[in-house]
Amino acid sequence: MSEARRIVSLVPSLTESLFALGLGERVVGVTEWCVHPADAVAALPKVGGTKDTDAEAVVALAPDLVLANHEENTRRTVERLRAAGLRVWVTYPRSVREGARLLGELADLGADRETRSRVVEPVEAAVAEAEARRPARSVRVFCPVWRDPWLAVGADTYIHDLLQLCGGENVFAEHGDRRYPRVVLEEVVAAAPEVILLPDEPYRFGPGDAAELARLELPAARSGRIHLVDGTLVSWYGPRILPAIERLCSLLAA
C-alpha cells in the first residue's frame, strides 16, 4: 500500500501513528475523535465520528486509502465506502504484539529508515522485553470501560492482552460471552481485584467513581490501589504502546 498518497483515517490511534511516522502530509481527513497530534489535526477536514462517519464526506476527499478498525467503526460505513470504490484497510489488533506489528505495517506506507528506528523499533523492543519479564504471580485487575451499566474488559480484547503483558490477571476475562461483559458491583466485590484501573475513555471515569469503588470491600480499596489512568494508554495502539507498558507495569507491580 506504499502508493497511498491521500489517506483518510477513521481511527484516532492510527491518525496519531501516521504523524509519528512522518506520514502526516498524506492525511487528508480524520474523525472528530482524532485529536492527536492536536496542532496537526486541527486544520484537517473532519468526516464525523468513528461510529457516525459521514461516508459522503470521505468520498468527497478522494482518498486512495481509508484506515478503519473493526471495533471502532461500523460495518455499514466500511461497506458504503467500498461500494463507492474506495480502498479500505480494516485493522483489528487484539494483542499488544499485533498492535506493534500494525505500527510497522503503517511504516511500510513510506516511513524512512531513521523514523522506523526512532518510532517502530523501540515499541517492538518494549513488547519483547515485557514478554520476557512477565512476573510469576499476576495481580488481579478490574478495568471497566463504561458504567450504567458497568462494562468490564473481556478476554478477546487489546486491553486484556495489555493487562496480561504487564503482569495483570483480568478478573472478568471469562465472564459471559461478551467481549465487554456487563457486571454489577456485587460481582466486582466477589472478584476481589487487587488493582482497579479507571481509564478516562471511552467513559470518563473520575474521582467520584474512584471514591465509590473505594467504599467497597475490595483488596484494591484497602491497599489504595484504585488508579485513574489515561485512557489512551490502555486502548490506543501505536507509539503509545511504549509508555503504556511502562505505566501499567509500574501500577501492576506486585
# chains A, B, ... in the order shown; residues from 1 in each chain; ligands from 1
call {"tool": "closest_atom_pairs", "arguments": {"of": "region 26-142 of chain A", "to": "region 187-204 of chain A", "cutoff": "10 Å", "atoms": "only C-alpha atoms", "output": "JSON lines"}}
result
{"residue": "A:Val139", "atom": "CA", "partner": "A:Glu194", "partner_atom": "CA", "distance": 6.3}
{"residue": "A:Arg140", "atom": "CA", "partner": "A:Pro193", "partner_atom": "CA", "distance": 4.8}
{"residue": "A:Val141", "atom": "CA", "partner": "A:Val195", "partner_atom": "CA", "distance": 4.9}
{"residue": "A:Phe142", "atom": "CA", "partner": "A:Ile196", "partner_atom": "CA", "distance": 4.8}
call {"tool": "select_by_dssp", "arguments": {"residues": "region 77-118 of chain A", "states": "strand (DSSP E)", "output": "list in words"}}
result
Val88, Trp89, Val90 and Thr91 of chain A
call {"tool": "write_last_selection", "arguments": {"atoms": "C-alpha atoms", "output": "PDB file, in the first residue's frame"}}
result
ATOM      1  CA  VAL A  88     -10.497   0.442   2.977  1.00  0.00           C
ATOM      2  CA  TRP A  89      -7.922  -1.151   5.258  1.00  0.00           C
ATOM      3  CA  VAL A  90      -9.805  -2.596   8.231  1.00  0.00           C
ATOM      4  CA  THR A  91      -7.438  -3.130  11.136  1.00  0.00           C
TER       5      THR A  91
END
call {"tool": "residues_around", "arguments": {"residues": "region 57-72 of chain A", "least_positions_apart": "2", "cutoff": "8 Å", "atoms": "only C-alpha atoms", "output": "PyMOL selection string"}}
result
chain A and resi 4-11+14+28-29+47+50-51+54-55+74-75+78+81+84+86-92
call {"tool": "atom_distance", "arguments": {"atom1": "CA of Glu121 (chain A)", "atom2": "CA of Gly99 (chain A)"}}
result
12.8 Å
call {"tool": "closest_atom_pairs", "arguments": {"of": "region 12-75 of chain A", "to": "region 234-237 of chain A", "cutoff": "9 Å", "atoms": "only C-alpha atoms", "output": "Markdown table"}}
result
| residue | atom | partner | partner_atom | distance |
| --- | --- | --- | --- | --- |
| A:Pro12 | CA | A:Trp236 | CA | 8.0 |
| A:Ser13 | CA | A:Trp236 | CA | 5.3 |
| A:Leu14 | CA | A:Tyr237 | CA | 7.8 |
| A:Ser17 | CA | A:Tyr237 | CA | 8.5 |
call {"tool": "select_by_dssp", "arguments": {"residues": "region 39-87 of chain A", "states": "helix (DSSP H, G or I)", "output": "PyMOL selection string"}}
result
chain A and resi 39-42+55-60+75-83
call {"tool": "write_last_selection", "arguments": {"atoms": "N, CA and C atoms", "output": "mmCIF file, in the first residue's frame"}}
result
data_model
loop_
_atom_site.group_PDB
_atom_site.id
_atom_site.type_symbol
_atom_site.label_atom_id
_atom_site.label_comp_id
_atom_site.auth_asym_id
_atom_site.auth_seq_id
_atom_site.Cartn_x
_atom_site.Cartn_y
_atom_site.Cartn_z
ATOM 1 N N ASP A 39 -2.135 20.032 17.146
ATOM 2 C CA ASP A 39 -1.914 21.124 16.188
ATOM 3 C C ASP A 39 -2.048 20.636 14.750
ATOM 4 N N ALA A 40 -1.563 19.444 14.484
ATOM 5 C CA ALA A 40 -1.563 18.944 13.115
ATOM 6 C C ALA A 40 -2.955 18.584 12.622
ATOM 7 N N VAL A 41 -3.788 18.011 13.491
ATOM 8 C CA VAL A 41 -5.107 17.561 13.032
ATOM 9 C C VAL A 41 -6.159 18.650 13.091
ATOM 10 N N ALA A 42 -5.864 19.743 13.786
ATOM 11 C CA ALA A 42 -6.866 20.798 13.972
ATOM 12 C C ALA A 42 -7.387 21.345 12.647
ATOM 13 N N ALA A 55 -19.977 9.117 5.247
ATOM 14 C CA ALA A 55 -19.338 8.434 4.120
ATOM 15 C C ALA A 55 -19.197 9.352 2.915
ATOM 16 N N GLU A 56 -20.187 10.185 2.673
ATOM 17 C CA GLU A 56 -20.112 11.091 1.523
ATOM 18 C C GLU A 56 -18.961 12.078 1.679
ATOM 19 N N ALA A 57 -18.727 12.520 2.906
ATOM 20 C CA ALA A 57 -17.616 13.445 3.137
ATOM 21 C C ALA A 57 -16.281 12.757 2.882
ATOM 22 N N VAL A 58 -16.206 11.484 3.241
ATOM 23 C CA VAL A 58 -14.977 10.728 2.972
ATOM 24 C C VAL A 58 -14.760 10.603 1.465
ATOM 25 N N VAL A 59 -15.783 10.227 0.738
ATOM 26 C CA VAL A 59 -15.680 10.061 -0.711
ATOM 27 C C VAL A 59 -15.266 11.369 -1.376
ATOM 28 N N ALA A 60 -15.809 12.479 -0.877
ATOM 29 C CA ALA A 60 -15.513 13.788 -1.468
ATOM 30 C C ALA A 60 -14.040 14.158 -1.346
ATOM 31 N N ARG A 75 -19.679 -1.565 10.343
ATOM 32 C CA ARG A 75 -19.661 -2.312 9.087
ATOM 33 C C ARG A 75 -20.357 -1.512 7.996
ATOM 34 N N ARG A 76 -21.444 -0.816 8.375
ATOM 35 C CA ARG A 76 -22.198 -0.032 7.391
ATOM 36 C C ARG A 76 -21.300 1.015 6.732
ATOM 37 N N THR A 77 -20.480 1.686 7.541
ATOM 38 C CA THR A 77 -19.579 2.698 6.982
ATOM 39 C C THR A 77 -18.588 2.065 6.012
ATOM 40 N N VAL A 78 -17.969 0.964 6.433
ATOM 41 C CA VAL A 78 -16.981 0.301 5.585
ATOM 42 C C VAL A 78 -17.612 -0.168 4.281
ATOM 43 N N GLU A 79 -18.792 -0.760 4.354
ATOM 44 C CA GLU A 79 -19.460 -1.241 3.150
ATOM 45 C C GLU A 79 -19.810 -0.099 2.206
ATOM 46 N N ARG A 80 -20.273 1.022 2.755
ATOM 47 C CA ARG A 80 -20.606 2.173 1.908
ATOM 48 C C ARG A 80 -19.365 2.724 1.213
ATOM 49 N N LEU A 81 -18.257 2.764 1.922
ATOM 50 C CA LEU A 81 -17.032 3.296 1.320
ATOM 51 C C LEU A 81 -16.506 2.361 0.231
ATOM 52 N N ARG A 82 -16.573 1.087 0.496
ATOM 53 C CA ARG A 82 -16.114 0.124 -0.517
ATOM 54 C C ARG A 82 -17.044 0.125 -1.723
ATOM 55 N N ALA A 83 -18.338 0.297 -1.475
ATOM 56 C CA ALA A 83 -19.292 0.365 -2.587
ATOM 57 C C ALA A 83 -19.026 1.584 -3.459
#
call {"tool": "closest_residue", "arguments": {"among": "A:Lys46, A:His175, A:Arg113, A:His227", "to": "Ala210 (chain A)", "atoms": "only C-alpha atoms"}}
result
A:His227
call {"tool": "residues_around", "arguments": {"residues": "region 129-131 of chain A", "least_positions_apart": "3", "cutoff": "9 Å", "atoms": "only C-alpha atoms", "output": "JSON, numbers by chain"}}
result
{"A": [124, 125, 126, 134, 165, 166, 167, 245, 249]}
call {"tool": "closest_residue", "arguments": {"among": "A:Glu3, A:Asp52, A:Glu212, A:Asp112", "to": "Asn73 (chain A)", "atoms": "only C-alpha atoms"}}
result
A:Asp52
call {"tool": "residues_around", "arguments": {"residues": "Gly110 (chain A)", "least_positions_apart": "3", "cutoff": "12 Å", "atoms": "only C-alpha atoms", "output": "MDAnalysis selection string"}}
result
chainID A and resid 1:5 18:19 21:26 104:107 113:116
call {"tool": "write_last_selection", "arguments": {"atoms": "N, CA and C atoms", "output": "JSON list (two decimals), in the first residue's frame"}}
result
[["chain", "number", "residue", "atom", "x", "y", "z"],
["A", 1, "MET", "N", 0.81, -1.21, 0.00],
["A", 1, "MET", "CA", 0.00, 0.00, 0.00],
["A", 1, "MET", "C", 0.85, 1.27, 0.00],
["A", 2, "SER", "N", 2.12, 1.11, -0.33],
["A", 2, "SER", "CA", 3.02, 2.26, -0.26],
["A", 2, "SER", "C", 2.65, 3.37, -1.24],
["A", 3, "GLU", "N", 1.80, 3.04, -2.24],
["A", 3, "GLU", "CA", 1.43, 4.07, -3.20],
["A", 3, "GLU", "C", 0.36, 5.01, -2.66],
["A", 4, "ALA", "N", -0.18, 4.74, -1.48],
["A", 4, "ALA", "CA", -1.23, 5.59, -0.92],
["A", 4, "ALA", "C", -0.67, 6.98, -0.62],
["A", 5, "ARG", "N", -1.26, 7.97, -1.26],
["A", 5, "ARG", "CA", -0.80, 9.36, -1.07],
["A", 5, "ARG", "C", -1.85, 10.24, -0.42],
["A", 18, "LEU", "N", 0.31, 7.74, 12.07],
["A", 18, "LEU", "CA", 0.76, 8.26, 10.77],
["A", 18, "LEU", "C", 1.63, 9.49, 10.94],
["A", 19, "PHE", "N", 1.22, 10.39, 11.82],
["A", 19, "PHE", "CA", 2.02, 11.60, 12.03],
["A", 19, "PHE", "C", 3.34, 11.26, 12.71],
["A", 21, "LEU", "N", 5.00, 8.68, 12.31],
["A", 21, "LEU", "CA", 5.84, 8.02, 11.30],
["A", 21, "LEU", "C", 6.26, 8.96, 10.17],
["A", 22, "GLY", "N", 5.92, 10.23, 10.30],
["A", 22, "GLY", "CA", 6.31, 11.20, 9.28],
["A", 22, "GLY", "C", 5.44, 11.16, 8.04],
["A", 23, "LEU", "N", 4.24, 10.59, 8.16],
["A", 23, "LEU", "CA", 3.34, 10.46, 7.01],
["A", 23, "LEU", "C", 2.13, 11.38, 7.13],
["A", 24, "GLY", "N", 2.21, 12.34, 8.01],
["A", 24, "GLY", "CA", 1.08, 13.23, 8.24],
["A", 24, "GLY", "C", 0.66, 14.03, 7.03],
["A", 25, "GLU", "N", 1.61, 14.34, 6.15],
["A", 25, "GLU", "CA", 1.27, 15.14, 4.98],
["A", 25, "GLU", "C", 0.35, 14.38, 4.02],
["A", 26, "ARG", "N", 0.25, 13.07, 4.19],
["A", 26, "ARG", "CA", -0.64, 12.29, 3.34],
["A", 26, "ARG", "C", -2.07, 12.22, 3.88],
["A", 104, "GLY", "N", 4.37, -1.19, 12.42],
["A", 104, "GLY", "CA", 5.35, -1.47, 11.38],
["A", 104, "GLY", "C", 4.74, -1.51, 10.00],
["A", 105, "GLU", "N", 3.51, -2.04, 9.90],
["A", 105, "GLU", "CA", 2.83, -2.08, 8.61],
["A", 105, "GLU", "C", 2.46, -0.68, 8.13],
["A", 106, "LEU", "N", 2.09, 0.18, 9.06],
["A", 106, "LEU", "CA", 1.84, 1.57, 8.68],
["A", 106, "LEU", "C", 3.12, 2.24, 8.21],
["A", 107, "ALA", "N", 4.22, 1.89, 8.83],
["A", 107, "ALA", "CA", 5.51, 2.45, 8.40],
["A", 107, "ALA", "C", 5.82, 2.05, 6.97],
["A", 113, "ARG", "N", 13.99, 5.07, 7.01],
["A", 113, "ARG", "CA", 14.73, 4.18, 7.90],
["A", 113, "ARG", "C", 14.95, 4.80, 9.28],
["A", 114, "GLU", "N", 15.28, 6.08, 9.31],
["A", 114, "GLU", "CA", 15.54, 6.75, 10.59],
["A", 114, "GLU", "C", 14.28, 6.79, 11.44],
["A", 115, "THR", "N", 13.14, 7.03, 10.80],
["A", 115, "THR", "CA", 11.89, 7.09, 11.54],
["A", 115, "THR", "C", 11.51, 5.72, 12.08],
["A", 116, "ARG", "N", 11.71, 4.69, 11.29],
["A", 116, "ARG", "CA", 11.46, 3.33, 11.77],
["A", 116, "ARG", "C", 12.29, 3.04, 13.02]]
call {"tool": "closest_residue", "arguments": {"among": "A:Arg240, A:Arg247, A:Arg94, A:Arg101", "to": "His160 (chain A)", "atoms": "only C-alpha atoms"}}
result
A:Arg94
call {"tool": "closest_residue", "arguments": {"among": "A:Asp161, A:Asp148, A:Glu217, A:Glu169", "to": "Val183 (chain A)", "atoms": "only C-alpha atoms"}}
result
A:Asp148
call {"tool": "residues_around", "arguments": {"residues": "Phe172 (chain A)", "least_positions_apart": "6", "cutoff": "8 Å", "atoms": "only C-alpha atoms", "output": "VMD selection string"}}
result
chain A and resid 142 152 to 155 181 191
